[in-house]
>>> print(open('final05.cif').read())   # mmCIF, C-alpha atoms
data_entry
#
loop_
_atom_site.label_atom_id
_atom_site.label_comp_id
_atom_site.auth_asym_id
_atom_site.auth_seq_id
_atom_site.Cartn_x
_atom_site.Cartn_y
_atom_site.Cartn_z
CA MET A 1 24.07 -30.60 54.23
CA THR A 2 20.43 -30.18 55.26
CA PRO A 3 17.88 -28.84 52.74
CA ALA A 4 17.68 -25.59 54.75
CA GLU A 5 21.46 -25.18 54.62
CA GLN A 6 21.50 -25.93 50.90
CA LEU A 7 18.78 -23.34 50.29
CA ARG A 8 20.62 -20.71 52.30
CA GLU A 9 23.95 -21.44 50.60
CA GLU A 10 22.49 -21.29 47.11
CA GLN A 11 20.53 -18.15 47.84
CA ASP A 12 23.55 -16.45 49.41
CA LEU A 13 25.64 -17.37 46.38
CA PHE A 14 23.10 -15.76 44.07
CA ILE A 15 22.75 -12.61 46.20
CA GLY A 16 26.54 -12.31 46.29
CA GLY A 17 26.65 -12.68 42.50
CA VAL A 18 24.08 -9.92 42.04
CA ALA A 19 25.92 -7.61 44.46
CA GLY A 20 29.24 -8.26 42.72
CA LYS A 21 27.84 -7.68 39.24
CA LEU A 22 26.07 -4.50 40.32
CA SER A 23 29.28 -3.21 41.88
CA SER A 24 31.31 -4.03 38.76
CA PHE A 25 28.73 -2.54 36.39
CA LEU A 26 28.36 0.68 38.38
CA ALA A 27 32.12 1.05 38.73
CA GLY A 28 32.40 1.01 34.94
CA GLN A 29 29.59 3.54 34.64
CA GLN A 30 31.28 5.69 37.28
CA ASP A 31 34.45 5.83 35.17
CA MET A 32 32.42 6.79 32.11
CA MET A 33 30.49 9.50 33.97
CA ALA A 34 33.67 10.86 35.57
CA GLY A 35 34.95 11.47 32.05
CA ILE A 36 32.01 13.81 31.51
CA SER A 37 32.54 15.78 34.71
CA PRO A 38 33.44 15.10 38.34
CA ASP A 39 30.31 17.10 39.25
CA VAL A 40 28.05 14.19 38.28
CA ALA A 41 29.51 11.92 40.98
CA PRO A 42 26.51 12.43 43.33
CA LEU A 43 24.20 10.84 40.73
CA MET A 44 26.27 7.67 40.71
CA GLY A 45 26.68 7.76 44.48
CA SER A 46 22.92 7.92 44.96
CA ILE A 47 22.35 4.91 42.71
CA SER A 48 25.12 2.88 44.34
CA ASN A 49 23.76 3.68 47.79
CA LEU A 50 20.25 2.59 46.84
CA VAL A 51 21.21 -0.74 45.23
CA THR A 52 23.57 -1.70 48.06
CA GLY A 53 21.84 -4.11 50.42
CA GLY A 54 18.06 -4.33 50.63
CA LYS A 55 15.95 -7.48 50.62
CA ARG A 56 16.65 -8.39 46.95
CA LEU A 57 13.08 -9.68 46.87
CA ARG A 58 12.52 -9.20 43.13
CA ALA A 59 15.89 -10.66 42.20
CA LEU A 60 15.22 -13.69 44.41
CA MET A 61 11.77 -14.24 42.91
CA CYS A 62 13.44 -14.18 39.50
CA TYR A 63 16.12 -16.64 40.62
CA TRP A 64 13.71 -19.20 42.05
CA GLY A 65 11.45 -18.82 39.00
CA TRP A 66 14.54 -19.71 36.96
CA ARG A 67 15.50 -22.66 39.18
CA GLY A 68 11.91 -23.93 39.30
CA ALA A 69 11.85 -24.04 35.50
CA GLY A 70 15.06 -26.08 35.38
CA GLY A 71 17.69 -23.33 35.25
CA SER A 72 21.12 -24.19 36.63
CA THR A 73 22.64 -22.83 39.84
CA GLY A 74 24.55 -19.55 39.59
CA HIS A 75 24.06 -19.07 35.83
CA GLU A 76 25.22 -15.68 34.55
CA ASP A 77 21.93 -14.97 32.75
CA VAL A 78 19.79 -15.04 35.91
CA VAL A 79 22.37 -13.02 37.86
CA THR A 80 22.23 -10.37 35.12
CA ALA A 81 18.42 -10.41 35.18
CA GLY A 82 18.54 -9.94 38.96
CA CYS A 83 20.77 -6.88 38.51
CA ALA A 84 18.39 -5.40 35.93
CA LEU A 85 15.47 -5.85 38.34
CA GLU A 86 17.39 -4.25 41.23
CA LEU A 87 18.27 -1.23 39.08
CA PHE A 88 14.67 -0.90 37.93
CA GLN A 89 13.49 -1.10 41.53
CA ALA A 90 15.94 1.65 42.50
CA ALA A 91 14.67 3.89 39.69
CA ALA A 92 11.07 3.28 40.79
CA LEU A 93 11.91 4.13 44.42
CA ILE A 94 13.65 7.37 43.47
CA HIS A 95 10.69 8.57 41.43
CA ASP A 96 8.15 7.25 43.94
CA ASP A 97 9.73 9.26 46.77
CA ILE A 98 9.52 12.44 44.69
CA ILE A 99 5.88 11.80 43.82
CA ASP A 100 5.02 10.98 47.43
CA ARG A 101 7.05 13.91 48.83
CA SER A 102 8.79 11.40 51.08
CA ASP A 103 12.01 12.69 52.64
CA THR A 104 13.11 9.33 54.04
CA ARG A 105 14.07 5.98 52.56
CA ARG A 106 15.33 3.03 54.62
CA GLY A 107 15.86 5.24 57.62
CA GLY A 108 17.94 7.87 55.78
CA PRO A 109 17.29 10.79 53.42
CA SER A 110 15.62 9.91 50.12
CA VAL A 111 17.54 10.74 46.94
CA HIS A 112 15.80 14.05 46.26
CA ARG A 113 16.36 15.05 49.88
CA ARG A 114 20.07 14.17 49.61
CA PHE A 115 20.39 16.55 46.66
CA SER A 116 18.50 19.29 48.49
CA LEU A 117 20.84 18.90 51.46
CA LEU A 118 23.84 19.05 49.10
CA HIS A 119 22.49 22.33 47.70
CA GLU A 120 22.05 23.76 51.19
CA ARG A 121 25.44 22.55 52.39
CA GLU A 122 27.24 24.09 49.42
CA GLY A 123 25.34 27.37 49.68
CA TRP A 124 24.24 27.30 46.05
CA ALA A 125 21.82 29.79 44.47
CA LEU A 126 18.08 29.45 43.83
CA ASP A 127 15.73 26.90 45.40
CA SER A 128 17.22 23.82 47.09
CA GLU A 129 14.00 21.77 46.92
CA ARG A 130 13.55 22.34 43.21
CA PHE A 131 17.17 21.38 42.61
CA GLY A 132 16.70 18.23 44.70
CA HIS A 133 13.65 17.13 42.74
CA ALA A 134 15.22 17.85 39.35
CA ALA A 135 18.47 16.06 40.21
CA ALA A 136 16.60 13.04 41.59
CA ILE A 137 14.40 12.78 38.48
CA LEU A 138 17.55 12.67 36.37
CA THR A 139 19.12 10.11 38.73
CA GLY A 140 16.05 7.91 38.44
CA ASP A 141 16.08 8.22 34.65
CA LEU A 142 19.77 7.29 34.60
CA CYS A 143 19.05 4.28 36.79
CA LEU A 144 16.23 3.22 34.47
CA SER A 145 18.64 3.47 31.54
CA PHE A 146 21.16 1.32 33.40
CA SER A 147 18.46 -1.27 34.05
CA GLU A 148 17.75 -1.59 30.33
CA GLU A 149 21.46 -1.67 29.49
CA THR A 150 21.98 -4.49 31.99
CA PHE A 151 19.03 -6.50 30.72
CA THR A 152 20.38 -6.42 27.16
CA GLN A 153 23.58 -8.11 28.40
CA ILE A 154 21.72 -11.37 28.98
CA GLY A 155 22.95 -13.99 26.51
CA SER A 156 20.80 -14.28 23.38
CA ARG A 157 18.79 -17.50 22.97
CA ALA A 158 15.82 -17.59 20.62
CA ALA A 159 13.97 -20.07 22.84
CA TRP A 160 13.30 -17.50 25.54
CA GLY A 161 14.29 -14.11 24.14
CA THR A 162 10.88 -12.94 22.93
CA GLU A 163 8.95 -13.95 26.06
CA SER A 164 11.47 -12.60 28.58
CA ARG A 165 11.65 -9.30 26.70
CA ARG A 166 7.85 -9.10 26.61
CA ILE A 167 7.66 -9.64 30.38
CA PHE A 168 10.38 -7.07 31.11
CA ASN A 169 8.74 -4.44 28.89
CA LEU A 170 5.24 -5.12 30.24
CA MET A 171 6.50 -4.88 33.83
CA ARG A 172 7.92 -1.40 33.25
CA ALA A 173 4.84 -0.10 31.43
CA GLU A 174 2.44 -1.41 34.07
CA VAL A 175 4.37 0.22 36.91
CA MET A 176 4.16 3.61 35.20
CA ALA A 177 0.43 3.17 34.56
CA GLY A 178 -0.16 2.04 38.14
CA GLN A 179 1.83 4.96 39.51
CA TYR A 180 -0.31 7.36 37.47
CA LEU A 181 -3.53 5.74 38.71
CA ASP A 182 -2.21 6.20 42.25
CA ILE A 183 -1.58 9.95 41.92
CA LEU A 184 -4.84 10.34 40.00
CA GLU A 185 -6.78 8.76 42.86
CA GLU A 186 -5.18 11.15 45.36
CA VAL A 187 -6.64 14.16 43.55
CA ALA A 188 -9.77 12.68 41.94
CA GLY A 189 -10.74 10.24 44.70
CA PRO A 190 -12.50 12.83 46.88
CA VAL A 191 -14.95 13.69 44.07
CA ARG A 192 -15.33 10.25 42.51
CA ASP A 193 -18.00 7.66 43.30
CA ARG A 194 -17.09 6.23 46.70
CA ALA A 195 -18.77 2.95 45.84
CA GLY A 196 -15.88 2.12 43.52
CA ALA A 197 -13.06 3.45 45.71
CA VAL A 198 -11.96 0.14 47.22
CA GLN A 199 -11.94 -1.56 43.82
CA ARG A 200 -9.90 1.28 42.31
CA ALA A 201 -7.40 0.94 45.16
CA LYS A 202 -7.13 -2.80 44.47
CA SER A 203 -6.39 -2.07 40.81
CA ILE A 204 -3.65 0.37 41.83
CA ILE A 205 -2.10 -2.27 44.09
CA ARG A 206 -2.09 -4.78 41.25
CA TYR A 207 -0.45 -2.60 38.63
CA LYS A 208 1.74 -0.32 40.73
CA SER A 209 3.20 -3.00 42.97
CA ALA A 210 2.00 -6.61 42.91
CA LYS A 211 2.91 -7.42 39.34
CA TYR A 212 6.38 -5.91 39.37
CA SER A 213 7.21 -7.04 42.90
CA MET A 214 6.21 -10.68 42.54
CA GLU A 215 4.47 -11.81 39.36
CA HIS A 216 6.79 -10.46 36.67
CA PRO A 217 10.13 -11.25 38.38
CA LEU A 218 9.04 -14.87 38.94
CA ALA A 219 7.79 -15.18 35.36
CA LEU A 220 10.91 -13.50 34.01
CA GLY A 221 13.14 -16.08 35.70
CA GLY A 222 10.93 -18.87 34.41
CA ALA A 223 10.95 -17.52 30.86
CA LEU A 224 14.73 -17.19 30.89
CA ALA A 225 14.97 -20.88 31.78
CA GLY A 226 12.52 -21.86 29.01
CA ALA A 227 9.32 -22.31 31.05
CA GLY A 228 6.24 -23.19 29.06
CA GLU A 229 2.91 -21.37 29.12
CA GLU A 230 1.35 -23.71 31.69
CA LEU A 231 4.14 -23.22 34.24
CA LEU A 232 4.05 -19.45 33.73
CA ARG A 233 0.27 -19.48 34.34
CA ASN A 234 0.81 -21.49 37.52
CA TYR A 235 3.53 -19.08 38.60
CA SER A 236 1.05 -16.22 38.17
CA ALA A 237 -1.67 -18.00 40.17
CA PHE A 238 0.76 -18.03 43.10
CA SER A 239 2.66 -14.75 42.70
CA LEU A 240 -0.11 -12.27 41.83
CA PRO A 241 -2.22 -12.75 45.00
CA LEU A 242 1.04 -12.89 46.97
CA GLY A 243 2.07 -9.52 45.52
CA GLU A 244 -1.32 -8.03 46.37
CA ALA A 245 -1.08 -9.31 49.95
CA PHE A 246 2.48 -7.94 50.14
CA GLN A 247 1.37 -4.44 49.10
CA MET A 248 -1.67 -4.46 51.37
CA ARG A 249 0.63 -5.35 54.26
CA ASP A 250 2.81 -2.40 53.22
CA ASP A 251 -0.24 -0.11 53.28
CA VAL A 252 -1.16 -1.27 56.78
CA LEU A 253 2.40 -0.59 57.92
CA GLY A 254 2.19 2.86 56.29
CA VAL A 255 -0.44 3.77 58.89
CA PHE A 256 0.28 1.48 61.85
CA GLY A 257 3.98 0.61 61.41
CA ASP A 258 6.70 1.38 63.94
CA PRO A 259 8.99 4.13 62.53
CA GLU A 260 12.01 2.44 64.13
CA THR A 261 11.27 -0.65 62.06
CA THR A 262 9.86 0.79 58.83
CA GLY A 263 12.34 3.68 58.55
CA LYS A 264 9.45 6.07 57.79
CA PRO A 265 7.67 8.58 60.05
CA ALA A 266 4.45 7.35 61.68
CA GLY A 267 1.44 7.94 59.44
CA ASP A 268 3.53 9.00 56.44
CA ASP A 269 1.05 7.45 53.98
CA LEU A 270 -1.69 9.65 55.46
CA ARG A 271 0.38 12.82 54.93
CA GLU A 272 1.02 11.71 51.36
CA GLY A 273 -2.75 11.41 50.81
CA LYS A 274 -2.63 7.72 49.88
CA ARG A 275 -6.13 6.37 49.21
CA THR A 276 -5.20 2.77 49.86
CA VAL A 277 -7.59 -0.15 50.29
CA LEU A 278 -7.27 0.33 54.05
CA VAL A 279 -8.07 4.05 53.93
CA ASN A 280 -10.95 3.59 51.48
CA LEU A 281 -12.41 0.84 53.65
CA ALA A 282 -12.38 3.26 56.58
CA ILE A 283 -14.02 6.03 54.55
CA GLU A 284 -16.66 3.54 53.43
CA LYS A 285 -17.34 1.97 56.83
CA ALA A 286 -16.94 4.84 59.33
CA PRO A 287 -19.86 7.03 60.44
CA ALA A 288 -20.25 10.12 58.23
CA PRO A 289 -18.51 12.63 60.57
CA GLU A 290 -15.49 10.35 61.01
CA SER A 291 -15.40 9.47 57.32
CA GLU A 292 -15.39 13.18 56.49
CA TYR A 293 -12.62 13.73 59.05
CA ILE A 294 -10.36 11.21 57.26
CA ASP A 295 -11.18 12.82 53.92
CA ARG A 296 -10.28 16.23 55.33
CA MET A 297 -7.01 15.13 56.92
CA LEU A 298 -5.63 13.06 54.04
CA GLY A 299 -2.71 14.73 52.28
CA ARG A 300 -2.05 17.37 54.93
CA GLN A 301 1.69 17.81 55.32
CA ASP A 302 1.23 19.25 58.82
CA LEU A 303 -0.60 16.15 60.07
CA GLY A 304 0.57 15.66 63.65
CA GLY A 305 0.62 12.76 66.07
CA THR A 306 -2.80 13.59 67.49
CA GLU A 307 -4.47 13.53 64.08
CA VAL A 308 -2.65 10.34 63.07
CA ALA A 309 -3.78 8.66 66.31
CA GLU A 310 -7.38 9.74 65.68
CA ILE A 311 -7.37 8.34 62.12
CA ARG A 312 -5.90 5.10 63.44
CA ARG A 313 -8.67 4.91 66.03
CA ILE A 314 -11.35 5.41 63.39
CA ILE A 315 -9.80 2.75 61.15
CA VAL A 316 -9.79 0.25 64.00
CA ASP A 317 -13.19 1.12 65.46
CA CYS A 318 -15.10 1.00 62.18
CA GLY A 319 -13.67 -2.41 61.32
CA ALA A 320 -11.54 -1.28 58.38
CA LEU A 321 -8.31 -2.71 59.80
CA GLU A 322 -10.00 -6.03 60.50
CA ALA A 323 -11.43 -6.08 56.96
CA ALA A 324 -8.02 -5.29 55.45
CA GLU A 325 -6.34 -8.03 57.50
CA SER A 326 -9.03 -10.44 56.35
CA MET A 327 -8.28 -9.53 52.72
CA ILE A 328 -4.56 -10.07 53.32
CA ASP A 329 -5.29 -13.47 54.86
CA GLY A 330 -7.52 -14.43 51.92
CA LEU A 331 -4.94 -13.40 49.33
CA SER A 332 -2.21 -15.19 51.28
CA ASP A 333 -4.28 -18.37 51.48
CA THR A 334 -4.90 -18.24 47.72
CA ALA A 335 -1.18 -17.78 47.07
CA PHE A 336 -0.08 -20.62 49.36
CA GLU A 337 -2.69 -22.98 47.93
CA ALA A 338 -1.42 -22.24 44.42
CA LEU A 339 2.17 -22.64 45.60
CA GLU A 340 1.53 -26.20 46.76
CA LEU A 341 0.21 -27.06 43.29
CA LEU A 342 3.36 -25.87 41.50
CA PRO A 343 5.17 -28.80 39.83
CA LEU A 344 8.58 -27.87 41.27
CA ASP A 345 11.43 -29.67 42.97
CA GLU A 346 11.49 -29.33 46.74
CA LEU A 347 14.31 -26.76 46.92
CA PRO A 348 12.72 -24.03 44.74
CA LEU A 349 9.36 -24.84 46.32
CA ALA A 350 10.79 -24.36 49.82
CA ALA A 351 12.54 -21.16 48.75
CA LEU A 352 9.34 -19.66 47.32
CA ARG A 353 7.45 -20.69 50.45
CA GLN A 354 10.04 -18.91 52.59
CA LEU A 355 9.89 -15.74 50.47
CA ALA A 356 6.10 -15.78 50.56
CA GLU A 357 5.97 -16.15 54.33
CA ALA A 358 8.38 -13.24 54.77
CA ALA A 359 6.38 -11.07 52.37
CA VAL A 360 3.04 -11.34 54.15
CA SER A 361 4.23 -11.38 57.76
CA ARG A 362 6.83 -8.61 57.61
CA ALA A 363 7.00 -5.62 59.96
CA ALA A 364 9.04 -3.36 57.63
#
>>> encode(input="final05.cif", output="structure tokens")
Amino acid sequence: MTPAEQLREEQDLFIGGVAGKLSSFLAGQQDMMAGISPDVAPLMGSISNLVTGGKRLRALMCYWGWRGAGGSTGHEDVVTAGCALELFQAAALIHDDIIDRSDTRRGGPSVHRRFSLLHEREGWALDSERFGHAAAILTGDLCLSFSEETFTQIGSRAAWGTESRRIFNLMRAEVMAGQYLDILEEVAGPVRDRAGAVQRAKSIIRYKSAKYSMEHPLALGGALAGAGEELLRNYSAFSLPLGEAFQMRDDVLGVFGDPETTGKPAGDDLREGKRTVLVNLAIEKAPAPESEYIDRMLGRQDLGGTEVAEIRRIIVDCGALEAAESMIDGLSDTAFEALELLPLDELPLAALRQLAEAAVSRAA
């Protein structure tokens, strides 16, 4: 078996283990919830739909962090940790779509939109949108609860328990703080000092996305396998800039991505009023009239194709896209340089290299 075949087989085995454990766990929860009322079935259906498939990026980062620190293949602890991360990711997506007023997720209706459509289809009373948001908030909270419940099922070993719990708790707190900074910037950004706008956007990227997408899952896997402080620091030197490059790529796709590939309408981030690094670079670099035009258009729900095309033009012409791509390249270079210094066996090293390459070069 070639190293590439071994990597693929081991990774597929882990992904299959995560999928199987998620299915088994949610089936048990479904039975419990059905005992409360059959009416709550759509909550469970929404969670099951969201955790089925996907890239499993966070779970895989956790797995290869585990294997890099000496953890054995297919161990139940790392599979359980992967499930906890997938459930946390699902909860974050549900709440993120509500906050961003995004009606689509992976090419289909987002969870709050599914509940609104259910309301409309059944002909229920009162406001369908309000019902959709309320039901989705509760679904996200339930999913968050399931994530914690799953994490506590990891076997207890004093050697790693304190550090892995610290990482898991910190990850969740930082995401909430980063999410708040994101919505704060949407409303306060227009009246704040523009000189600090790009730096604030970088901070949002770090805490809302980069740490929980890359840094913490990798460290969590390492901690579960008993990694020491030095290896965890080296993991961070690789995974944090990688996570920042990953999110910046996502922000570029949010403006320039192909809807057929991303599963989101063209320019959706602009309608949501996202003051990303890319957008703030354009506001900073563009001539005053064009900068003011972007400021005026951001967050407008009725933003049409003509306006989106004009904002794209400004971003390109003023050099903001080029500057953002340069930042992505710089962060990627930093990550790959740190990766090559990691004291890992070739298989986990190759796996992390493959995940990193996919993260920074993706089109969706």
>>> axis_aligned_box(input="final05.cif", around="region 312-330 of chain A", padding_each_side="3 Å", output="JSON")
{"center_x": -9.8, "center_y": -4.5, "center_z": 59.0, "size_x": 16.5, "size_y": 25.8, "size_z": 20.1}
>>> closest_residue(input="final05.cif", among="A:Gly74, A:Pro259, A:Gly123, A:Gly228", to="Gln11 (chain A)", atoms="only C-alpha atoms")
A:Gly74
>>> closest_residue(input="final05.cif", among="A:Arg121, A:Lys274, A:Arg313, A:Arg249", to="Ala358 (chain A)", atoms="all atoms listed in the file")
A:Arg249
>>> atom_distance(input="final05.cif", atom1="CA of Glu186 (chain A)", atom2="CA of Met248 (chain A)")
17.1 Å
>>> resolve_selection(input="final05.cif", expression="the PyMOL selection byres ((chain A and resi 126-133) around 12)", output="number ranges by chain")
A: 42-43, 94-103, 109-125, 134-140
>>> atom_distance(input="final05.cif", atom1="CA of Glu10 (chain A)", atom2="CA of Asn169 (chain A)")
28.4 Å
>>> resolve_selection(input="final05.cif", expression="the PyMOL selection byres ((chain A and resi 344) around 10)", output="list in words")
Gly65, Arg67, Gly68, Ala69, Gly70, Leu231, Leu339, Glu340, Leu341, Leu342, Pro343, Asp345, Glu346, Leu347, Pro348, Leu349 and Ala350 of chain A
>>> closest_residue(input="final05.cif", among="A:Leu218, A:Ala356, A:Leu278, A:Ala91", to="Leu242 (chain A)", atoms="all atoms listed in the file")
A:Ala356
>>> closest_residue(input="final05.cif", among="A:Glu9, A:Glu230, A:Asp39, A:Glu86", to="Lys21 (chain A)", atoms="all atoms listed in the file")
A:Glu86
>>> atom_distance(input="final05.cif", atom1="CA of Glu307 (chain A)", atom2="CA of Glu185 (chain A)")
21.9 Å
>>> decode(input="final05.cif", residues="region 237-259 of chain A", atoms="N, CA, C and O atoms", output="tab-separated table (two decimals), in the first residue's frame")
chain	number	residue	atom	x	y	z
A	237	ALA	N	1.60	27.34	15.89
A	237	ALA	CA	2.38	28.12	14.92
A	237	ALA	C	1.99	27.77	13.49
A	237	ALA	O	2.06	28.61	12.59
A	238	PHE	N	1.55	26.54	13.28
A	238	PHE	CA	1.08	26.09	11.97
A	238	PHE	C	-0.40	26.41	11.76
A	238	PHE	O	-0.81	26.97	10.73
A	239	SER	N	-1.24	26.07	12.73
A	239	SER	CA	-2.69	26.05	12.52
A	239	SER	C	-3.35	27.42	12.61
A	239	SER	O	-4.37	27.66	11.95
A	240	LEU	N	-2.79	28.34	13.41
A	240	LEU	CA	-3.43	29.65	13.54
A	240	LEU	C	-3.32	30.47	12.25
A	240	LEU	O	-4.35	30.95	11.74
A	241	PRO	N	-2.14	30.63	11.66
A	241	PRO	CA	-2.10	31.35	10.37
A	241	PRO	C	-2.87	30.61	9.28
A	241	PRO	O	-3.46	31.24	8.39
A	242	LEU	N	-2.89	29.28	9.34
A	242	LEU	CA	-3.68	28.52	8.37
A	242	LEU	C	-5.16	28.85	8.51
A	242	LEU	O	-5.86	29.07	7.51
A	243	GLY	N	-5.65	28.91	9.74
A	243	GLY	CA	-7.05	29.24	9.98
A	243	GLY	C	-7.39	30.65	9.52
A	243	GLY	O	-8.48	30.88	8.98
A	244	GLU	N	-6.46	31.57	9.69
A	244	GLU	CA	-6.70	32.95	9.23
A	244	GLU	C	-6.73	33.02	7.71
A	244	GLU	O	-7.57	33.72	7.13
A	245	ALA	N	-5.84	32.28	7.06
A	245	ALA	CA	-5.85	32.23	5.59
A	245	ALA	C	-7.14	31.58	5.10
A	245	ALA	O	-7.74	32.02	4.10
A	246	PHE	N	-7.58	30.53	5.77
A	246	PHE	CA	-8.81	29.82	5.44
A	246	PHE	C	-10.02	30.75	5.48
A	246	PHE	O	-10.84	30.78	4.56
A	247	GLN	N	-10.13	31.56	6.55
A	247	GLN	CA	-11.26	32.47	6.67
A	247	GLN	C	-11.16	33.62	5.68
A	247	GLN	O	-12.19	34.07	5.14
A	248	MET	N	-9.97	34.12	5.43
A	248	MET	CA	-9.83	35.18	4.43
A	248	MET	C	-10.22	34.68	3.05
A	248	MET	O	-10.83	35.41	2.25
A	249	ARG	N	-9.87	33.43	2.74
A	249	ARG	CA	-10.31	32.84	1.48
A	249	ARG	C	-11.83	32.77	1.43
A	249	ARG	O	-12.46	33.05	0.40
A	250	ASP	N	-12.45	32.42	2.56
A	250	ASP	CA	-13.91	32.37	2.65
A	250	ASP	C	-14.52	33.75	2.39
A	250	ASP	O	-15.54	33.87	1.71
A	251	ASP	N	-13.88	34.79	2.92
A	251	ASP	CA	-14.39	36.15	2.73
A	251	ASP	C	-14.27	36.60	1.27
A	251	ASP	O	-15.15	37.31	0.77
A	252	VAL	N	-13.20	36.19	0.61
A	252	VAL	CA	-13.07	36.50	-0.82
A	252	VAL	C	-14.16	35.78	-1.60
A	252	VAL	O	-14.81	36.37	-2.48
A	253	LEU	N	-14.41	34.53	-1.27
A	253	LEU	CA	-15.46	33.77	-1.95
A	253	LEU	C	-16.84	34.36	-1.66
A	253	LEU	O	-17.75	34.27	-2.50
A	254	GLY	N	-17.01	34.99	-0.49
A	254	GLY	CA	-18.29	35.61	-0.14
A	254	GLY	C	-18.64	36.77	-1.04
A	254	GLY	O	-19.82	37.16	-1.13
A	255	VAL	N	-17.65	37.32	-1.73
A	255	VAL	CA	-17.88	38.42	-2.67
A	255	VAL	C	-17.72	37.97	-4.11
A	255	VAL	O	-18.50	38.35	-4.99
A	256	PHE	N	-16.72	37.13	-4.36
A	256	PHE	CA	-16.38	36.77	-5.75
A	256	PHE	C	-16.69	35.31	-6.10
A	256	PHE	O	-16.48	34.90	-7.24
A	257	GLY	N	-17.20	34.53	-5.14
A	257	GLY	CA	-17.43	33.11	-5.39
A	257	GLY	C	-18.57	32.83	-6.35
A	257	GLY	O	-19.49	33.64	-6.52
A	258	ASP	N	-18.50	31.67	-6.99
A	258	ASP	CA	-19.54	31.21	-7.90
A	258	ASP	C	-20.66	30.58	-7.08
A	258	ASP	O	-20.43	29.60	-6.36
A	259	PRO	N	-21.90	31.09	-7.16
A	259	PRO	CA	-23.01	30.54	-6.36
A	259	PRO	C	-23.22	29.04	-6.58
A	259	PRO	O	-23.63	28.33	-5.67
